[in-house]
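Take a look at the structure set out below.
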Amino acid sequence: MYSIGELAELAGVSAHTLRYYDREGLLKPSCVNEAGYRFYGEREVNLLQQILFYRERGLDLSRIRQIIYEEDFDIMGALEAHLRALEEQKEHTEALICMVRRSIMSMKGECRMSDQEKFEAFKQRTVKEQEELYGGEARNKYGDEEVDAAQKKILNMSEEDWERFQSLGNEIRTRLEEAVSAGISPDSGEAQRIVTLHKEWLGMTWKKYTEEAHRAMADLYIADERFSLYYDREVPGCAEFLEKAIRHTIKAGEK
């Protein structure tokens, strides 16, 4: 058993953090003695490790609490997932190191580096993340040819197109979060503006944009947790808002 001070020192966090985790229902002590001192056992040590792993991966505390207290939560499975994520992060970091080295050599005149090469690692990571998260579903729904073509479009983007693609994705999420937080209706003018941006964003990777495919994508935002989490990770309800906004905007355009 560890006292709160001992566990804080062991894990490299503050006792204040552990008290906060207790208040938030994220990490309860295994017992509290009559004097009010908290004590933690092996289970709590393992859960704290998971919490810190998920924090390293950028998840907020409310999402971490949902994950680690699910009925079927498996610590071994979680550790294997962390390992995969860290290995992917290592691979991406090594690609960035290589790209920076080549950039330095290019600036010194020791080698030539095209503008496209300067963004290769960033685009490769985007393609890989999309394939891992949505590849199976997308390939089943649209076929390998469509998915491969979309990935090729990303990898072949010019510097200007890549910046626009990234900027659009960030703007869509920001506008969604602001709209949901403000209680704006999915049939509002702002919602239509978000759908227009979303259409442009999809069109930058799709072989051909169609309203039917856009509606199908909207279905995935509320039917598949992987899609909904992308938009709901900061403000819950964004995926549902986008789905409704897409449907309303397309329907209004058909009249």
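Labels for the structure tokens follow display order: chains A, B, ..., residues from 1 in each chain, ligands from 1.
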
- Message: With only C-alpha atoms as the counted atoms, please give the residues lying no more than 8 Å from stretch 232-238 of chain A, apart from itself and same-chain residues fewer than 6 positions off, as a list of chain:residue names.
- Response: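 Those residues are A:Leu59, A:Asp60, A:Arg63, A:Leu176, A:Glu177, A:Val180, A:Ser181.
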
Given the selection you just returned, output its residues as a file containing N, CA and C atoms, formatted as a short mmCIF file (atom, residue, chain, number, x, y, z; two decimals), in the first residue's frame.
```cif
data_model
loop_
_atom_site.label_atom_id
_atom_site.label_comp_id
_atom_site.auth_asym_id
_atom_site.auth_seq_id
_atom_site.Cartn_x
_atom_site.Cartn_y
_atom_site.Cartn_z
N LEU A 59 -5.58 12.54 -24.49
CA LEU A 59 -7.00 12.41 -24.15
C LEU A 59 -7.33 13.27 -22.93
N ASP A 60 -8.55 13.82 -22.90
CA ASP A 60 -8.94 14.59 -21.72
C ASP A 60 -9.41 13.66 -20.62
N ARG A 63 -12.75 11.64 -20.94
CA ARG A 63 -12.67 10.50 -21.86
C ARG A 63 -11.87 9.36 -21.23
N LEU A 176 -17.44 24.10 -35.43
CA LEU A 176 -18.39 23.15 -34.84
C LEU A 176 -18.45 23.31 -33.33
N GLU A 177 -17.30 23.37 -32.69
CA GLU A 177 -17.25 23.49 -31.24
C GLU A 177 -17.90 24.79 -30.78
N VAL A 180 -21.85 24.45 -31.35
CA VAL A 180 -22.50 23.59 -30.36
C VAL A 180 -22.49 24.26 -28.99
N SER A 181 -21.38 24.87 -28.62
CA SER A 181 -21.28 25.56 -27.32
C SER A 181 -22.26 26.71 -27.23
#
```

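Note that atom CA of A:Leu83 and atom CA of A:Tyr54 are 11.6 Å apart.
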
- Task: Go through A:Asp74, A:Phe227, A:Tyr40, A:Trp162 one by one, measure the shortest atom-to-atom distance of each to A:Lys28 using only C-alpha atoms, and give the residue with the smallest value.
- Result: A:Tyr40

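For the residues A:Met107, A:Gly25, A:Ala85, A:Thr205, ranking by smallest atom-to-atom distance to A:Leu155 using only C-alpha atoms places A:Thr205 first.
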
- Query: Can you list every residue in stretch 23-228 of chain A that DSSP puts in helix (DSSP H, G or I), as a ChimeraX atom specification?
  - Reply: /A:23,42-56,61-68,75-107,117-142,144-155,159-182,189-203,211-223,225-228

Just the strand (DSSP E) stuff from stretch 9-251 of chain A, please, per backbone DSSP, written as an mmCIF file with N, CA and C atoms, in the first residue's frame.
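Result went into selection27.cif, see below:
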```cif
data_model
loop_
_atom_site.group_PDB
_atom_site.id
_atom_site.type_symbol
_atom_site.label_atom_id
_atom_site.label_comp_id
_atom_site.auth_asym_id
_atom_site.auth_seq_id
_atom_site.Cartn_x
_atom_site.Cartn_y
_atom_site.Cartn_z
ATOM 1 N N CYS A 31 -8.438 2.773 0.093
ATOM 2 C CA CYS A 31 -9.044 2.977 1.415
ATOM 3 C C CYS A 31 -8.628 4.328 1.974
ATOM 4 N N VAL A 32 -9.428 4.830 2.913
ATOM 5 C CA VAL A 32 -9.137 6.077 3.623
ATOM 6 C C VAL A 32 -9.259 5.771 5.110
ATOM 7 N N ARG A 38 -5.380 8.998 2.596
ATOM 8 C CA ARG A 38 -5.659 8.115 1.466
ATOM 9 C C ARG A 38 -4.528 7.097 1.293
ATOM 10 N N PHE A 39 -4.906 5.852 0.911
ATOM 11 C CA PHE A 39 -3.929 4.807 0.628
ATOM 12 C C PHE A 39 -4.319 4.102 -0.674
ATOM 13 N N TYR A 40 -3.288 3.719 -1.421
ATOM 14 C CA TYR A 40 -3.484 3.158 -2.755
ATOM 15 C C TYR A 40 -2.799 1.800 -2.882
#
```

- Work out how far apart atom CA of A:Gln89 and atom CA of A:Gln49 are and give it in Å to one decimal.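 We find that atom CA of A:Gln89 and atom CA of A:Gln49 lie 18.8 Å from each other.
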